[in-house]
$ cat final36.txt   # compact mmCIF, C-alpha atoms (C1' of nucleotides)
# COMPACT_ATOMS: atom_id res chain seq x y z
CA MET A 1 0.00 0.00 0.00
CA ALA A 2 1.14 3.49 0.80
CA SER A 3 0.66 4.17 -2.85
CA LYS A 4 -0.60 7.68 -2.45
CA THR A 5 2.43 9.05 -0.70
CA ARG A 6 4.97 10.88 -2.75
CA THR A 7 8.26 9.17 -3.36
CA ARG A 8 11.54 10.99 -3.41
CA VAL A 9 10.48 13.66 -0.99
CA ALA A 10 13.66 13.80 0.98
CA LYS A 11 12.95 17.25 2.31
CA GLY A 12 9.36 16.72 3.36
CA ILE A 13 7.26 19.57 4.59
CA PRO A 14 9.16 22.39 6.24
CA ALA A 15 8.64 22.45 9.97
CA SER A 16 6.00 24.74 11.34
CA CYS A 17 7.49 28.11 12.16
CA CYS A 18 4.59 29.48 14.16
CA ASN A 19 0.95 29.20 15.01
CA LEU A 20 -1.93 31.33 13.89
CA ALA A 21 -4.43 32.85 16.24
CA ILE A 22 -7.44 31.92 14.21
CA GLU A 23 -9.53 28.80 13.70
CA GLY A 24 -13.01 27.39 14.03
CA GLU A 25 -15.86 29.79 14.47
CA SER A 26 -13.73 32.91 14.46
CA GLN A 27 -12.20 31.85 11.18
CA GLU A 28 -15.61 31.25 9.65
CA GLN A 29 -16.82 34.66 10.64
CA PHE A 30 -13.65 36.26 9.38
CA LEU A 31 -13.94 34.48 6.04
CA ALA A 32 -17.58 35.48 5.73
CA MET A 33 -16.54 39.10 6.17
CA CYS A 34 -13.77 38.77 3.57
CA LYS A 35 -16.10 37.11 1.12
CA ALA A 36 -18.76 39.74 1.60
CA LEU A 37 -16.17 42.47 1.18
CA GLY A 38 -14.89 40.96 -2.05
CA SER A 39 -17.81 42.05 -4.20
CA PRO A 40 -17.49 45.44 -5.95
CA LEU A 41 -21.13 46.31 -5.34
CA ARG A 42 -21.02 45.37 -1.69
CA PHE A 43 -17.80 47.28 -1.22
CA GLU A 44 -19.52 50.25 -2.81
CA ILE A 45 -22.31 49.92 -0.28
CA LEU A 46 -19.83 49.84 2.59
CA LYS A 47 -18.02 52.86 1.20
CA PHE A 48 -21.30 54.69 0.92
CA LEU A 49 -22.22 53.86 4.50
CA LEU A 50 -18.76 54.87 5.65
CA THR A 51 -18.97 58.25 4.00
CA HIS A 52 -22.71 58.81 4.43
CA PRO A 53 -23.64 57.47 7.85
CA GLY A 54 -27.33 57.15 8.57
CA CYS A 55 -28.55 56.08 5.15
CA ILE A 56 -31.68 54.13 4.48
CA THR A 57 -31.99 51.38 1.90
CA GLY A 58 -33.53 53.72 -0.65
CA ASN A 59 -30.51 56.00 -0.62
CA ILE A 60 -28.29 53.05 -1.36
CA VAL A 61 -30.62 51.78 -4.08
CA ASP A 62 -30.50 55.20 -5.75
CA HIS A 63 -26.74 55.16 -5.55
CA LEU A 64 -26.22 51.76 -7.16
CA PRO A 65 -26.87 50.68 -10.76
CA ILE A 66 -28.81 47.61 -9.69
CA ALA A 67 -32.40 46.77 -8.82
CA GLN A 68 -33.92 47.23 -5.40
CA ALA A 69 -34.26 43.50 -4.85
CA THR A 70 -30.62 42.92 -5.65
CA THR A 71 -29.51 45.72 -3.38
CA SER A 72 -31.57 44.30 -0.56
CA GLN A 73 -29.95 40.95 -1.18
CA HIS A 74 -26.47 42.45 -0.94
CA LEU A 75 -27.45 44.27 2.23
CA ALA A 76 -28.51 40.95 3.68
CA VAL A 77 -25.13 39.44 2.84
CA LEU A 78 -23.35 42.32 4.56
CA ARG A 79 -25.70 42.02 7.52
CA ASN A 80 -25.16 38.28 7.85
CA ALA A 81 -21.42 38.72 7.58
CA GLY A 82 -21.56 41.24 10.40
CA TRP A 83 -20.41 44.33 8.55
CA ILE A 84 -23.59 46.31 9.04
CA GLU A 85 -26.68 46.57 11.19
CA GLY A 86 -30.12 47.67 10.16
CA ALA A 87 -32.39 49.70 12.42
CA VAL A 88 -36.04 49.97 11.55
CA ASP A 89 -37.08 53.59 11.18
CA GLY A 90 -40.73 53.76 10.31
CA PRO A 91 -41.25 52.00 7.02
CA ALA A 92 -37.59 52.38 6.20
CA THR A 93 -34.47 50.64 7.40
CA CYS A 94 -31.52 52.72 8.49
CA TYR A 95 -28.20 50.98 8.05
CA CYS A 96 -24.95 51.61 9.78
CA LEU A 97 -21.63 49.87 10.23
CA ASN A 98 -21.21 47.37 13.02
CA GLU A 99 -18.31 49.20 14.61
CA ASP A 100 -17.39 46.39 16.97
CA ARG A 101 -17.17 43.90 14.17
CA VAL A 102 -15.21 46.26 11.97
CA ALA A 103 -12.75 46.82 14.80
CA TRP A 104 -12.49 43.07 15.32
CA PHE A 105 -11.81 42.57 11.63
CA LYS A 106 -9.07 45.18 11.58
CA GLU A 107 -7.46 43.68 14.64
CA LEU A 108 -7.55 40.20 13.17
CA VAL A 109 -5.97 41.27 9.91
CA GLY A 110 -3.17 42.82 11.91
CA GLU A 111 -2.69 39.64 13.93
CA ILE A 112 -2.83 37.10 11.17
CA PHE A 113 -0.43 38.57 8.68
CA MET B 1 -40.18 63.32 -15.80
CA ALA B 2 -38.29 62.77 -12.60
CA SER B 3 -40.51 59.78 -12.10
CA LYS B 4 -37.83 57.57 -10.62
CA THR B 5 -36.95 59.86 -7.76
CA ARG B 6 -38.38 59.05 -4.40
CA THR B 7 -41.01 61.36 -3.03
CA ARG B 8 -41.39 62.23 0.61
CA VAL B 9 -37.68 62.10 1.22
CA ALA B 10 -37.45 65.26 3.22
CA LYS B 11 -34.13 64.27 4.72
CA GLY B 12 -32.45 63.19 1.54
CA ILE B 13 -29.10 61.51 1.62
CA PRO B 14 -26.97 62.44 4.60
CA ALA B 15 -24.10 64.68 3.64
CA SER B 16 -20.77 63.04 3.07
CA CYS B 17 -18.81 62.94 6.29
CA CYS B 18 -15.45 62.03 4.82
CA ASN B 19 -13.58 60.65 1.88
CA LEU B 20 -12.03 57.25 1.43
CA ALA B 21 -8.49 56.71 0.32
CA ILE B 22 -9.31 54.01 -2.15
CA GLU B 23 -10.65 53.86 -5.68
CA GLY B 24 -9.88 52.70 -9.18
CA GLU B 25 -7.04 50.28 -9.65
CA SER B 26 -6.08 50.12 -5.98
CA GLN B 27 -9.63 49.23 -5.10
CA GLU B 28 -9.74 46.50 -7.70
CA GLN B 29 -6.57 44.94 -6.39
CA PHE B 30 -7.80 45.21 -2.84
CA LEU B 31 -11.10 43.55 -3.72
CA ALA B 32 -9.30 40.79 -5.59
CA MET B 33 -7.31 40.08 -2.44
CA CYS B 34 -10.43 40.05 -0.29
CA LYS B 35 -12.23 37.79 -2.68
CA ALA B 36 -9.31 35.38 -2.86
CA LEU B 37 -9.05 35.37 0.91
CA GLY B 38 -12.75 34.60 1.32
CA SER B 39 -12.49 30.94 0.31
CA PRO B 40 -11.89 28.43 3.13
CA LEU B 41 -9.52 26.35 1.05
CA ARG B 42 -7.51 29.31 -0.12
CA PHE B 43 -7.33 30.65 3.42
CA GLU B 44 -6.08 27.24 4.46
CA ILE B 45 -3.37 27.49 1.83
CA LEU B 46 -2.34 30.91 3.09
CA LYS B 47 -2.29 29.66 6.66
CA PHE B 48 -0.15 26.75 5.60
CA LEU B 49 2.29 29.02 3.81
CA LEU B 50 2.35 31.36 6.78
CA THR B 51 3.22 28.59 9.19
CA HIS B 52 5.30 26.46 6.83
CA PRO B 53 7.35 28.84 4.70
CA GLY B 54 9.11 27.32 1.75
CA CYS B 55 6.51 24.80 0.69
CA ILE B 56 6.11 23.39 -2.76
CA THR B 57 2.81 22.67 -4.43
CA GLY B 58 2.94 19.00 -3.54
CA ASN B 59 3.10 19.75 0.17
CA ILE B 60 -0.01 21.86 -0.13
CA VAL B 61 -1.79 19.23 -2.19
CA ASP B 62 -1.03 16.65 0.49
CA HIS B 63 -2.38 18.99 3.13
CA LEU B 64 -5.69 19.70 1.44
CA PRO B 65 -8.66 17.38 0.84
CA ILE B 66 -8.91 18.35 -2.82
CA ALA B 67 -7.38 17.23 -6.09
CA GLN B 68 -4.09 18.47 -7.46
CA ALA B 69 -5.75 20.31 -10.31
CA THR B 70 -8.06 22.15 -7.96
CA THR B 71 -5.23 23.09 -5.66
CA SER B 72 -3.25 24.42 -8.57
CA GLN B 73 -6.27 26.45 -9.57
CA HIS B 74 -6.58 27.96 -6.11
CA LEU B 75 -2.87 28.73 -6.09
CA ALA B 76 -3.35 30.60 -9.35
CA VAL B 77 -6.13 32.67 -7.81
CA LEU B 78 -3.93 33.57 -4.86
CA ARG B 79 -1.07 34.36 -7.23
CA ASN B 80 -3.20 36.58 -9.43
CA ALA B 81 -4.60 38.37 -6.42
CA GLY B 82 -1.07 39.06 -5.26
CA TRP B 83 -1.07 37.10 -2.04
CA ILE B 84 1.68 34.68 -3.05
CA GLU B 85 4.58 34.25 -5.43
CA GLY B 86 5.83 31.05 -6.97
CA ALA B 87 9.49 30.35 -7.60
CA VAL B 88 10.45 27.52 -9.89
CA ASP B 89 12.71 25.04 -8.14
CA GLY B 90 13.59 22.27 -10.53
CA PRO B 91 10.42 20.47 -11.50
CA ALA B 92 8.64 21.91 -8.48
CA THR B 93 7.29 25.31 -7.61
CA CYS B 94 8.10 26.86 -4.29
CA TYR B 95 5.48 29.24 -3.01
CA CYS B 96 5.81 32.03 -0.53
CA LEU B 97 3.84 35.04 0.59
CA ASN B 98 4.23 38.31 -1.25
CA GLU B 99 5.27 40.27 1.79
CA ASP B 100 4.97 43.66 0.16
CA ARG B 101 1.43 42.99 -0.92
CA VAL B 102 0.48 41.58 2.43
CA ALA B 103 1.84 44.69 4.12
CA TRP B 104 -0.06 46.87 1.66
CA PHE B 105 -3.24 44.97 2.40
CA LYS B 106 -2.85 45.37 6.15
CA GLU B 107 -2.17 49.04 5.79
CA LEU B 108 -5.20 49.54 3.60
CA VAL B 109 -7.53 47.75 5.96
CA GLY B 110 -6.30 50.08 8.69
CA GLU B 111 -6.89 53.13 6.53
CA ILE B 112 -10.29 52.30 5.14
CA PHE B 113 -12.15 51.34 8.28
C1' DT C 1 -59.81 51.60 7.48
C1' DT C 2 -57.48 52.44 3.16
C1' DG C 3 -53.63 53.68 0.31
C1' DG C 4 -49.11 54.41 -0.68
C1' DA C 5 -44.19 54.48 0.42
C1' DG C 6 -40.25 51.65 1.68
C1' DT C 7 -38.18 46.96 1.97
C1' DA C 8 -37.57 42.20 2.38
C1' DT C 9 -38.39 37.81 0.41
C1' DC C 10 -39.70 34.44 -3.27
C1' DG C 11 -38.98 32.14 -7.56
C1' DT C 12 -36.05 31.75 -11.24
C1' DA C 13 -32.75 32.64 -15.13
C1' DA C 14 -28.04 33.65 -16.19
C1' DA C 15 -23.32 34.01 -14.92
C1' DA C 16 -19.39 32.73 -12.23
C1' DA C 17 -16.83 29.75 -9.18
C1' DT C 18 -15.50 25.20 -7.87
C1' DA C 19 -13.88 20.58 -8.49
C1' DC C 20 -12.28 16.75 -11.09
C1' DG C 21 -9.90 13.64 -14.50
C1' DA C 22 -7.11 13.86 -18.40
C1' DT C 23 -3.60 15.99 -20.77
C1' DT C 24 0.41 18.78 -21.47
C1' DA C 25 4.81 20.65 -20.36
C1' DA C 26 9.28 21.11 -18.12
C1' DG C 27 13.03 19.61 -15.48
C1' DA C 28 15.86 15.69 -13.37
C1' DA C 29 17.62 11.16 -13.38
C1' DA C 30 18.41 6.85 -15.57
C1' DT D 1 17.31 9.96 -25.40
C1' DT D 2 13.86 7.87 -22.38
C1' DT D 3 11.45 7.90 -18.25
C1' DC D 4 9.71 9.75 -14.06
C1' DT D 5 8.46 13.46 -10.99
C1' DT D 6 6.11 17.78 -10.41
C1' DA D 7 2.85 21.04 -11.58
C1' DA D 8 0.00 23.83 -14.76
C1' DT D 9 -3.71 23.87 -18.01
C1' DC D 10 -7.81 22.05 -20.61
C1' DG D 11 -12.52 20.53 -20.94
C1' DT D 12 -16.49 19.86 -18.43
C1' DA D 13 -20.01 18.87 -14.74
C1' DT D 14 -21.81 20.71 -10.61
C1' DT D 15 -22.62 24.17 -7.32
C1' DT D 16 -22.95 28.82 -5.91
C1' DT D 17 -23.64 33.59 -6.74
C1' DT D 18 -25.83 37.27 -8.92
C1' DA D 19 -29.62 39.76 -10.74
C1' DC D 20 -34.33 40.57 -11.79
C1' DG D 21 -39.53 40.99 -11.60
C1' DA D 22 -43.24 39.90 -8.79
C1' DT D 23 -45.09 39.58 -4.45
C1' DA D 24 -45.75 40.18 0.48
C1' DC D 25 -45.22 42.90 4.53
C1' DT D 26 -44.77 46.95 7.64
C1' DC D 27 -45.55 51.43 8.91
C1' DC D 28 -47.41 56.04 8.40
C1' DA D 29 -50.74 59.38 6.63
C1' DA D 30 -55.03 60.56 4.87

$ encode --input "final36.txt" --output "C-alpha cells"
Amino acid sequence: MASKTRTRVAKGIPASCCNLAIEGESQEQFLAMCKALGSPLRFEILKFLLTHPGCITGNIVDHLPIAQATTSQHLAVLRNAGWIEGAVDGPATCYCLNEDRVAWFKELVGEIF
Amino acid sequence: MASKTRTRVAKGIPASCCNLAIEGESQEQFLAMCKALGSPLRFEILKFLLTHPGCITGNIVDHLPIAQATTSQHLAVLRNAGWIEGAVDGPATCYCLNEDRVAWFKELVGEIF
DNA sequence: TTGGAGTATCGTAAAAATACGATTAAGAAA
DNA sequence: TTTCTTAATCGTATTTTTACGATACTCCAA
C-alpha cells in the first residue's frame, strides 16, 4: 500500500514556524466578512455607509446601478457577515456599520499577517 | 419626468462625512485580495504558507482534501490576487507570501475602516 | 380603514466559481 | 534519449452567486 504518498520527498514539509491565532468559528466569521467584502457592489455599499452614515436602503438603491431586490440581497449578505446593522425607522431601514465587528476585523488582519 | 426619484424624502441623503483613500485600480486589487481570501480552502493554503514557509505545491496538495488540479487552480487565484509568489525550483514550484502585498493589504484595511 | 411608500423575500434565469480527470509541459535522473 | 516526478492547463459537470420581476409585509398618513 502506501501508494498515495509521494516518493523521493527527501525534504518533506518544512517544519512549522509558528501558530496562527485563528480557527473554528472565528475563522468562519472572518472568512464570511472577507467574502462579503470581495464584491465590488457590496464594497460600494460599505463605502457609501462609511462616507454617508445614517442612510436608508432607498438611498443606497438610488446610488447603485442595480435593482432594489438585488440591493436588498447584498445588504442581507453584509448584515449576515456582520459588517452592518439595520435599524427599523418607520417604514424604512436605516443601516450603519457594526463598529465592533469592523474593529475586530481590523485587529484580526493585523494579527494574522 | 423625474418619475424615478423618491417622493417624501425630506431628509435626503446624509451629507458626506469624509472621503475614502481608495478607488480605481487600488480598489480592484484590494477587492481581488479580499475575494481570494474569502475561500476556506484558499485561506487554508495561506495559513499553511504562513506557518510552513518554503513549501512546494505537492506539500499543499497533500495537506488539502482536494485534487491536485483544484489546488493548482486555487494557487493561481492567490497568485493573481497578489497574495503569493511562486518560484520555480527544478520540477517543483516553491510558493511564498508576497510580503509587500500583504503589508499593503494590512495598511489599507487600517486606513479604510 | 385604506392607500401608498419603503423593503424584504420568493422564484427563477443567467453568470461565475468550484472541483475533477485527463492531458500537457518542463526539469531531473536513468 | 527515455522515463519519471512535479505542476500547470484544458474541458467539463456541478454548485454557488448574482440579478431581476413579482409579491408580500410593515408602517405612516389621509

$ interface_residues --input "final36.txt" --of "chain A" --to "chain D" --cutoff "10 Å" --atoms "all atoms listed in the file" --output "PyMOL selection string"
chain A and resi 6-8+66-71+73-74+88-92

$ interface_residues --input "final36.txt" --of "chain C" --to "chain A" --cutoff "8 Å" --atoms "all atoms listed in the file" --output "list in words"
DA5, DG6, DT7 and DA8 of chain C

$ residues_near_point --input "final36.txt" --point "(-15.7, 28.3, -5.0)" --cutoff "8 Å" --atoms "all atoms listed in the file" --output "PDB file with C-alpha atoms (C1' of nucleotides), keeping the file's coordinate frame"
ATOM      1  CA  SER B  39     -12.490  30.940   0.310  1.00  0.00           C
TER       2      SER B  39
ATOM      3  C1'  DA C  17     -16.830  29.750  -9.180  1.00  0.00           C
ATOM      4  C1'  DT C  18     -15.500  25.200  -7.870  1.00  0.00           C
TER       5       DT C  18
ATOM      6  C1'  DT D  16     -22.950  28.820  -5.910  1.00  0.00           C
TER       7       DT D  16
END

$ atom_distance --input "final36.txt" --atom1 "CA of Tyr95 (chain B)" --atom2 "C1' of DA28 (chain C)"
20.0 Å

$ interface_residues --input "final36.txt" --of "chain B" --to "chain A" --cutoff "6 Å" --atoms "all atoms listed in the file" --output "count of residues only"
10

$ atom_distance --input "final36.txt" --atom1 "CA of Ala81 (chain B)" --atom2 "CA of Ser26 (chain A)"
23.4 Å

$ atom_distance --input "final36.txt" --atom1 "C1' of DG27 (chain C)" --atom2 "CA of Trp83 (chain B)"
26.2 Å

$ decode --input "final36.txt" --residues "chain D" --atoms "C-alpha atoms (C1' of nucleotides)" --output "short mmCIF file (atom, residue, chain, number, x, y, z; two decimals), in the first residue's frame"
data_model
loop_
_atom_site.label_atom_id
_atom_site.label_comp_id
_atom_site.auth_asym_id
_atom_site.auth_seq_id
_atom_site.Cartn_x
_atom_site.Cartn_y
_atom_site.Cartn_z
"C1'" DT D 1 17.31 9.96 -25.40
"C1'" DT D 2 13.86 7.87 -22.38
"C1'" DT D 3 11.45 7.90 -18.25
"C1'" DC D 4 9.71 9.75 -14.06
"C1'" DT D 5 8.46 13.46 -10.99
"C1'" DT D 6 6.11 17.78 -10.41
"C1'" DA D 7 2.85 21.04 -11.58
"C1'" DA D 8 0.00 23.83 -14.76
"C1'" DT D 9 -3.71 23.87 -18.01
"C1'" DC D 10 -7.81 22.05 -20.61
"C1'" DG D 11 -12.52 20.53 -20.94
"C1'" DT D 12 -16.49 19.86 -18.43
"C1'" DA D 13 -20.01 18.87 -14.74
"C1'" DT D 14 -21.81 20.71 -10.61
"C1'" DT D 15 -22.62 24.17 -7.32
"C1'" DT D 16 -22.95 28.82 -5.91
"C1'" DT D 17 -23.64 33.59 -6.74
"C1'" DT D 18 -25.83 37.27 -8.92
"C1'" DA D 19 -29.62 39.76 -10.74
"C1'" DC D 20 -34.33 40.57 -11.79
"C1'" DG D 21 -39.53 40.99 -11.60
"C1'" DA D 22 -43.24 39.90 -8.79
"C1'" DT D 23 -45.09 39.58 -4.45
"C1'" DA D 24 -45.75 40.18 0.48
"C1'" DC D 25 -45.22 42.90 4.53
"C1'" DT D 26 -44.77 46.95 7.64
"C1'" DC D 27 -45.55 51.43 8.91
"C1'" DC D 28 -47.41 56.04 8.40
"C1'" DA D 29 -50.74 59.38 6.63
"C1'" DA D 30 -55.03 60.56 4.87
#
